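Here is the structure we will look at, set down as structure tokens.
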Amino acid sequence: MWPARCRFDVHADDAAFVKMLEADVRRGLSAWPRSIPPKYFYDEIGARLFERITELPEYYLTRVEASLLSRVAGEVAQRTAPDEIVELGPGSCRKVRWLFDALRSPAGVRYVPIDFGRDGLRDAVSGLTRDYGWLHVHGVIGDFERDLVHVPAPIGRRLALFLGSTIGNFEPAARAALLGEIGRLLGADGRLLLGVDLVKERSILEPAYDDAAGVTAAFNRNILAVVNRALDADFRLDAYRHHAFYDDAASRVEMHLLATAPQRVHLPKLDMVLDLHEGDGIWTESSYKFTRASTEAMLADGGLALDAWYTDEHDHFGLALARPAASP
Ligand SMILES: C[S@@+](CC[C@H](N)C(=O)[O-])C[C@H]1O[C@@H](n2cnc3c(N)ncnc32)[C@H](O)[C@@H]1O
């Protein structure tokens with residue numbers, strides 16, 4: 001039973017999810033190079049594997065961002081004085097706690113998380129309402145690429161959070177469009193706190209996406225299980241090798257699944273048969289890396305401007321506080 005100060009709107013039910021996946025997988029597997037969008041990693045198993053990734057010694061991103069956030073949360077809370085925190089893709093909702101803890105007058109503050117990890121979001125929110133008795137929640141279960149229009153009207157000054165370097169999974173045109181949508185959510189006096197992973201040595205970047213314990217490999221292969229289940233397809237997970245590398249020129253880590261032997265894959269719901277040769281790949285994720293300058297350029301493309309820039313002592317991760325470019 002949910003407390004009265006907590007509600008959820010569901011905009012991505014199972015049927016809508018499968019329809020969207022069908023269209024994306026058809027497009028991605030018919031194109032060259034073949035691809036499946038990374039947003040399909042996060043079924044229940046994928047979300048659990050991602051949580052394990054965040055604890056791996058090689059995966060510095062979560063550790064560094066969390067420690068940076070814990071250091072700057074007080075300043076961000078003071079500068080933004082939010083009545084409402086809207087978070088895109090919060091996952092376990094762990095990071096927002098640093099901001100809740102830093103709020104000077106939290107009474108009446110509303111939290112609006114939007115994620116399509118249905119049960120995961122409900123579980124995470126139930127932990128928040130237990131620990132923050134003052135918190136009001138209006139959760140949106142949906143796709144932040146399509147459903148930001150369903151975010152409820154603002155109740156006051158807004159702070160949007162988009163953490164975990166998730167913006168790095170988007171190609172430049174798509175991220176400009178998404179940042180533009182986020183800008184519209186902010187209103188004139190709102191702010192966005194954006195987590196960006198920074199350009200650094202290959203020797204740090206590549207192991208973060210190819211850990212010794214093989215958890216990232218399992219996470220990558222799990223996307224095929226998601227497709228199998230939704231589309232009655234017959235990808236054999238053990239017939240693909242995880243491949244991750246840093247492309248310096250493009251400033252991105254790429255993750256692929258490479259067929260270890262010739263494969264014929266049936267996707268009956270798409271009326272599609274896929275023939276893969278040994279070594280053929282499916283591109284599952286790009287993770288763009290930024291500098292302060294490229295973050296400012298990305299924000300400008302989305303109609304936003306940098307207000308404050310925070311990094312850790314090694315310049316491994318950045319938090320950009322941004323405002324709509326038109327506002328003072
Ligand atoms: C990399 S995890 C990051 C989680 C958390 N923000 C963090 O920093 O640890 C990405 C999260 O975004 C969610 N997500 C990814 N694409 C999404 C989309 N298009 N719409 C809604 N949620 C999405 C996933 O379900 C997952 O919880």
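In the structure tokens, the first chain shown is A, the next is B, and so on; residue numbers restart at 1 for each chain, and ligands run from 1 in the order shown.
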
ask   = Which chains and residue numbers are within 7 Å of ligand 1, counting only C-alpha atoms and all ligand atoms, if I want them as an NGL selection string?
value = :A and (39 or 42 or 47 or 62 or 88-93 or 95 or 114-117 or 142-145 or 162-166)

request  = Please identify all polymer residues within 12 Å of range 204-208 of chain A, counting only C-alpha atoms, omitting same-chain residues fewer than 4 positions from it, and present them as number ranges by chain.
outcome  = A: 53-63, 197-200, 212-217, 243-248, 251-255, 287-289, 314, 316-317

key: strand (DSSP E or B) residues, from DSSP on the backbone, in range 55-178 of chain A, as a ChimeraX atom specification   = /A:84-88,110-115,136-141,158-162

Save the residues we just selected, N, CA and C atoms, as an mmCIF file, in the first residue's frame?
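Final output, saved to selection.cif:
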```cif
data_model
loop_
_atom_site.group_PDB
_atom_site.id
_atom_site.type_symbol
_atom_site.label_atom_id
_atom_site.label_comp_id
_atom_site.auth_asym_id
_atom_site.auth_seq_id
_atom_site.Cartn_x
_atom_site.Cartn_y
_atom_site.Cartn_z
ATOM 1 N N GLU A 84 11.040 20.919 -6.578
ATOM 2 C CA GLU A 84 10.744 19.652 -7.239
ATOM 3 C C GLU A 84 12.020 19.122 -7.892
ATOM 4 N N ILE A 85 12.249 17.816 -7.752
ATOM 5 C CA ILE A 85 13.392 17.195 -8.427
ATOM 6 C C ILE A 85 12.845 16.169 -9.409
ATOM 7 N N VAL A 86 13.137 16.387 -10.694
ATOM 8 C CA VAL A 86 12.712 15.458 -11.752
ATOM 9 C C VAL A 86 13.950 14.672 -12.147
ATOM 10 N N GLU A 87 13.874 13.342 -12.102
ATOM 11 C CA GLU A 87 15.072 12.569 -12.458
ATOM 12 C C GLU A 87 14.795 11.619 -13.616
ATOM 13 N N LEU A 88 15.635 11.698 -14.644
ATOM 14 C CA LEU A 88 15.519 10.791 -15.796
ATOM 15 C C LEU A 88 16.384 9.560 -15.558
ATOM 16 N N ARG A 110 8.737 17.732 -4.054
ATOM 17 C CA ARG A 110 8.212 16.581 -4.800
ATOM 18 C C ARG A 110 9.326 15.983 -5.656
ATOM 19 N N TYR A 111 9.315 14.656 -5.733
ATOM 20 C CA TYR A 111 10.286 13.926 -6.555
ATOM 21 C C TYR A 111 9.529 13.289 -7.714
ATOM 22 N N VAL A 112 10.011 13.520 -8.935
ATOM 23 C CA VAL A 112 9.359 12.975 -10.130
ATOM 24 C C VAL A 112 10.370 12.135 -10.912
ATOM 25 N N PRO A 113 10.476 10.838 -10.582
ATOM 26 C CA PRO A 113 11.397 9.974 -11.335
ATOM 27 C C PRO A 113 10.708 9.432 -12.584
ATOM 28 N N ILE A 114 11.460 9.353 -13.684
ATOM 29 C CA ILE A 114 10.900 8.705 -14.890
ATOM 30 C C ILE A 114 11.880 7.643 -15.374
ATOM 31 N N ASP A 115 11.387 6.404 -15.396
ATOM 32 C CA ASP A 115 12.229 5.260 -15.758
ATOM 33 C C ASP A 115 11.276 4.188 -16.271
ATOM 34 N N HIS A 136 7.130 13.848 -1.303
ATOM 35 C CA HIS A 136 6.007 13.545 -2.192
ATOM 36 C C HIS A 136 6.598 12.988 -3.483
ATOM 37 N N VAL A 137 5.957 11.955 -4.023
ATOM 38 C CA VAL A 137 6.488 11.347 -5.246
ATOM 39 C C VAL A 137 5.389 11.265 -6.307
ATOM 40 N N HIS A 138 5.739 11.680 -7.513
ATOM 41 C CA HIS A 138 4.857 11.434 -8.664
ATOM 42 C C HIS A 138 5.723 10.741 -9.716
ATOM 43 N N GLY A 139 5.733 9.403 -9.661
ATOM 44 C CA GLY A 139 6.596 8.642 -10.556
ATOM 45 C C GLY A 139 5.963 8.484 -11.941
ATOM 46 N N VAL A 140 6.798 8.483 -12.955
ATOM 47 C CA VAL A 140 6.318 8.262 -14.324
ATOM 48 C C VAL A 140 7.032 7.030 -14.854
ATOM 49 N N ILE A 141 6.262 5.969 -15.114
ATOM 50 C CA ILE A 141 6.858 4.762 -15.672
ATOM 51 C C ILE A 141 6.708 4.877 -17.182
ATOM 52 N N ARG A 158 12.285 23.915 -10.500
ATOM 53 C CA ARG A 158 12.625 22.526 -10.818
ATOM 54 C C ARG A 158 14.123 22.318 -10.932
ATOM 55 N N LEU A 159 14.562 21.192 -10.379
ATOM 56 C CA LEU A 159 15.916 20.723 -10.653
ATOM 57 C C LEU A 159 15.756 19.368 -11.350
ATOM 58 N N ALA A 160 16.296 19.257 -12.562
ATOM 59 C CA ALA A 160 16.266 17.957 -13.255
ATOM 60 C C ALA A 160 17.622 17.291 -13.071
ATOM 61 N N LEU A 161 17.595 15.990 -12.868
ATOM 62 C CA LEU A 161 18.829 15.205 -12.737
ATOM 63 C C LEU A 161 18.894 14.216 -13.893
ATOM 64 N N PHE A 162 20.055 14.162 -14.533
ATOM 65 C CA PHE A 162 20.275 13.137 -15.554
ATOM 66 C C PHE A 162 21.704 12.660 -15.321
#
```

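Every protein, DNA or RNA residue with an atom at most 6 Å from Arg157 in chain A, where only C-alpha atoms count and chain neighbours fewer than 5 positions away do not, is listed here: A:Pro82, A:Asp83, A:Gly190.
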
Dump C-alpha atoms for the selected residues as a PDB file, in the first residue's frame?
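See result35.pdb below for the written result:
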```
ATOM      1  CA  PRO A  82      14.288  23.206  -5.802  1.00  0.00           C
ATOM      2  CA  ASP A  83      10.603  22.687  -5.009  1.00  0.00           C
ATOM      3  CA  GLY A 190      14.889  25.522 -13.468  1.00  0.00           C
TER       4      GLY A 190
END
```

message = Let me make sure I understand: among A:Leu21, A:Asp43, A:Asp315, A:Leu185, which one has the smallest atom-to-atom distance to Asp119 in chain A if we use only C-alpha atoms?
response = A:Asp43

task = Identify all residues of range 217-317 of chain A in helix (DSSP H, G or I) (DSSP on the backbone) and supply them as JSON, numbers by chain.
result = {"A": [217, 218, 219, 220, 221, 222, 223, 224, 225, 226, 227, 228, 229, 230, 231, 237, 238, 239, 268, 269, 270, 292, 293, 294, 295, 296, 297, 298, 299, 300, 301]}

inquiry  = Show me, as a list in words, the residues that have an atom within 9 Å of Leu178 in chain A when counting only C-alpha atoms, minus same-chain residues fewer than 5 positions from it.
reply    =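 Near Leu178 in chain A, the qualifying residues are Phe144, Glu145, Ile167, Phe170, Ala173, Gly183 and Gly302 of chain A.
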
request  = May I ask for the distance between CA of Arg26 in chain A and CA of Val227 in chain A, given in Å to one decimal place?
outcome  = 10.9 Å

task = Name the closest residue to Leu319 in chain A among the candidates A:Thr295, A:Thr129, A:Ser203, A:Ser30; distances are taken between atoms, counting only C-alpha atoms.
result =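 Under the stated criterion, the closest residue is A:Thr295.
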
message = Residues near Val76 in chain A, anyone? I mean within 10 Å using only C-alpha atoms, not counting same-chain ones fewer than 3 positions away, as a list in words.
response = Leu69, Arg71, Val72, Ala73, Arg79, Thr80, Ala81, Pro82, Leu99, Ala102, Leu103, Leu159, Arg191, Leu193, Ala308 and Leu321 of chain A
